[in-house]
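In what follows, a single structure is set out as structure tokens and then discussed.
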Amino acid sequence: MRTFLREYRKPQIRNRLSRDRLLAFFRSLLYLGVLGRERVYYWHLLIWTLMRRPRLFAEAVALAISGHHFRRICEGNVR
């Protein structure tokens, strides 16, 4: 994910902060950053993104949420 964020060039379209996006961010902090087994990597990703590519912070959170979702789907179907 870091390689993608390092190479990705974000378009100049501005997205407004909505209540739903803010709620999704706080849920990700709880489920991925506190309760999740991948919490160490999640925090490293957020800190790395804030320090190196702060404009891509929303994309980093969205990718972390998507990755968590796909892992759960895969675990449910593989076992």
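Each chain in the structure tokens gets a letter, A, B and so on, in the order shown; residues start at 1 in every chain, and ligands are counted from 1 in the order they appear.
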Out of region 24-55 of chain A, which residues get alpha helix (DSSP H) from DSSP, as number ranges by chain?
A: 24-30, 39-52
Near-region 13-20 of chain A list (12 Å; only C-alpha atoms; drop same-chain fewer than 6 positions) as a PDB file with N, CA and C atoms, in the first residue's frame:
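Contents of result34.pdb, as written:
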```
ATOM      1  N   PHE A  26     -13.781   7.389  12.204  1.00  0.00           N
ATOM      2  CA  PHE A  26     -13.750   7.055  13.627  1.00  0.00           C
ATOM      3  C   PHE A  26     -14.018   5.571  13.866  1.00  0.00           C
ATOM      4  N   ARG A  27     -14.845   4.964  13.048  1.00  0.00           N
ATOM      5  CA  ARG A  27     -15.046   3.519  13.159  1.00  0.00           C
ATOM      6  C   ARG A  27     -13.771   2.767  12.797  1.00  0.00           C
ATOM      7  N   ARG A  55      -1.801  14.669   1.766  1.00  0.00           N
ATOM      8  CA  ARG A  55      -2.975  14.854   0.906  1.00  0.00           C
ATOM      9  C   ARG A  55      -3.661  13.538   0.565  1.00  0.00           C
ATOM     10  N   LEU A  56      -2.965  12.430   0.754  1.00  0.00           N
ATOM     11  CA  LEU A  56      -3.522  11.117   0.451  1.00  0.00           C
ATOM     12  C   LEU A  56      -4.031  10.404   1.701  1.00  0.00           C
ATOM     13  N   ALA A  58      -6.925  10.477   3.259  1.00  0.00           N
ATOM     14  CA  ALA A  58      -8.255   9.886   3.080  1.00  0.00           C
ATOM     15  C   ALA A  58      -8.174   8.604   2.245  1.00  0.00           C
ATOM     16  N   GLU A  59      -7.323   8.596   1.222  1.00  0.00           N
ATOM     17  CA  GLU A  59      -7.165   7.396   0.410  1.00  0.00           C
ATOM     18  C   GLU A  59      -6.538   6.267   1.215  1.00  0.00           C
TER      19      GLU A  59
END
```
Ser28 (chain A) proximity check over A:Val40, A:Leu5, A:Ile47, A:Val61, using only C-alpha atoms: winner is A:Val61
Between CA of Arg9 (chain A) and CA of Leu23 (chain A), distance in Å (one decimal):
25.9 Å
What lies within 12 Å of Glu7 (chain A) using only C-alpha atoms, ignoring chain neighbours under 3 positions off, as a PyMOL selection string?
chain A and resi 1-4+10+52-53+56
Write out the residues from the selection above, keeping N, CA and C atoms, as an mmCIF file, in the first residue's frame.
```
data_model
loop_
_atom_site.group_PDB
_atom_site.id
_atom_site.type_symbol
_atom_site.label_atom_id
_atom_site.label_comp_id
_atom_site.auth_asym_id
_atom_site.auth_seq_id
_atom_site.Cartn_x
_atom_site.Cartn_y
_atom_site.Cartn_z
ATOM 1 N N MET A 1 0.829 -1.174 0.000
ATOM 2 C CA MET A 1 0.000 0.000 0.000
ATOM 3 C C MET A 1 0.881 1.249 0.000
ATOM 4 N N ARG A 2 2.004 1.189 0.717
ATOM 5 C CA ARG A 2 2.895 2.351 0.721
ATOM 6 C C ARG A 2 3.448 2.635 -0.667
ATOM 7 N N THR A 3 3.754 1.594 -1.405
ATOM 8 C CA THR A 3 4.257 1.800 -2.767
ATOM 9 C C THR A 3 3.207 2.503 -3.614
ATOM 10 N N PHE A 4 1.960 2.076 -3.497
ATOM 11 C CA PHE A 4 0.886 2.732 -4.242
ATOM 12 C C PHE A 4 0.777 4.200 -3.835
ATOM 13 N N LYS A 10 -2.742 12.173 -7.028
ATOM 14 C CA LYS A 10 -4.153 12.447 -6.790
ATOM 15 C C LYS A 10 -4.650 13.538 -7.738
ATOM 16 N N ARG A 52 4.500 11.789 5.084
ATOM 17 C CA ARG A 52 5.062 11.814 3.731
ATOM 18 C C ARG A 52 4.095 12.265 2.648
ATOM 19 N N ARG A 53 2.827 11.870 2.754
ATOM 20 C CA ARG A 53 1.838 12.207 1.723
ATOM 21 C C ARG A 53 0.531 12.626 2.374
ATOM 22 N N LEU A 56 -2.965 12.430 0.754
ATOM 23 C CA LEU A 56 -3.522 11.117 0.451
ATOM 24 C C LEU A 56 -4.031 10.404 1.701
#
```
Selected residue of minimal separation from Ala60 (chain A) among A:Val34, A:Leu46, A:Arg72, A:Tyr41, counting only C-alpha atoms:
A:Leu46
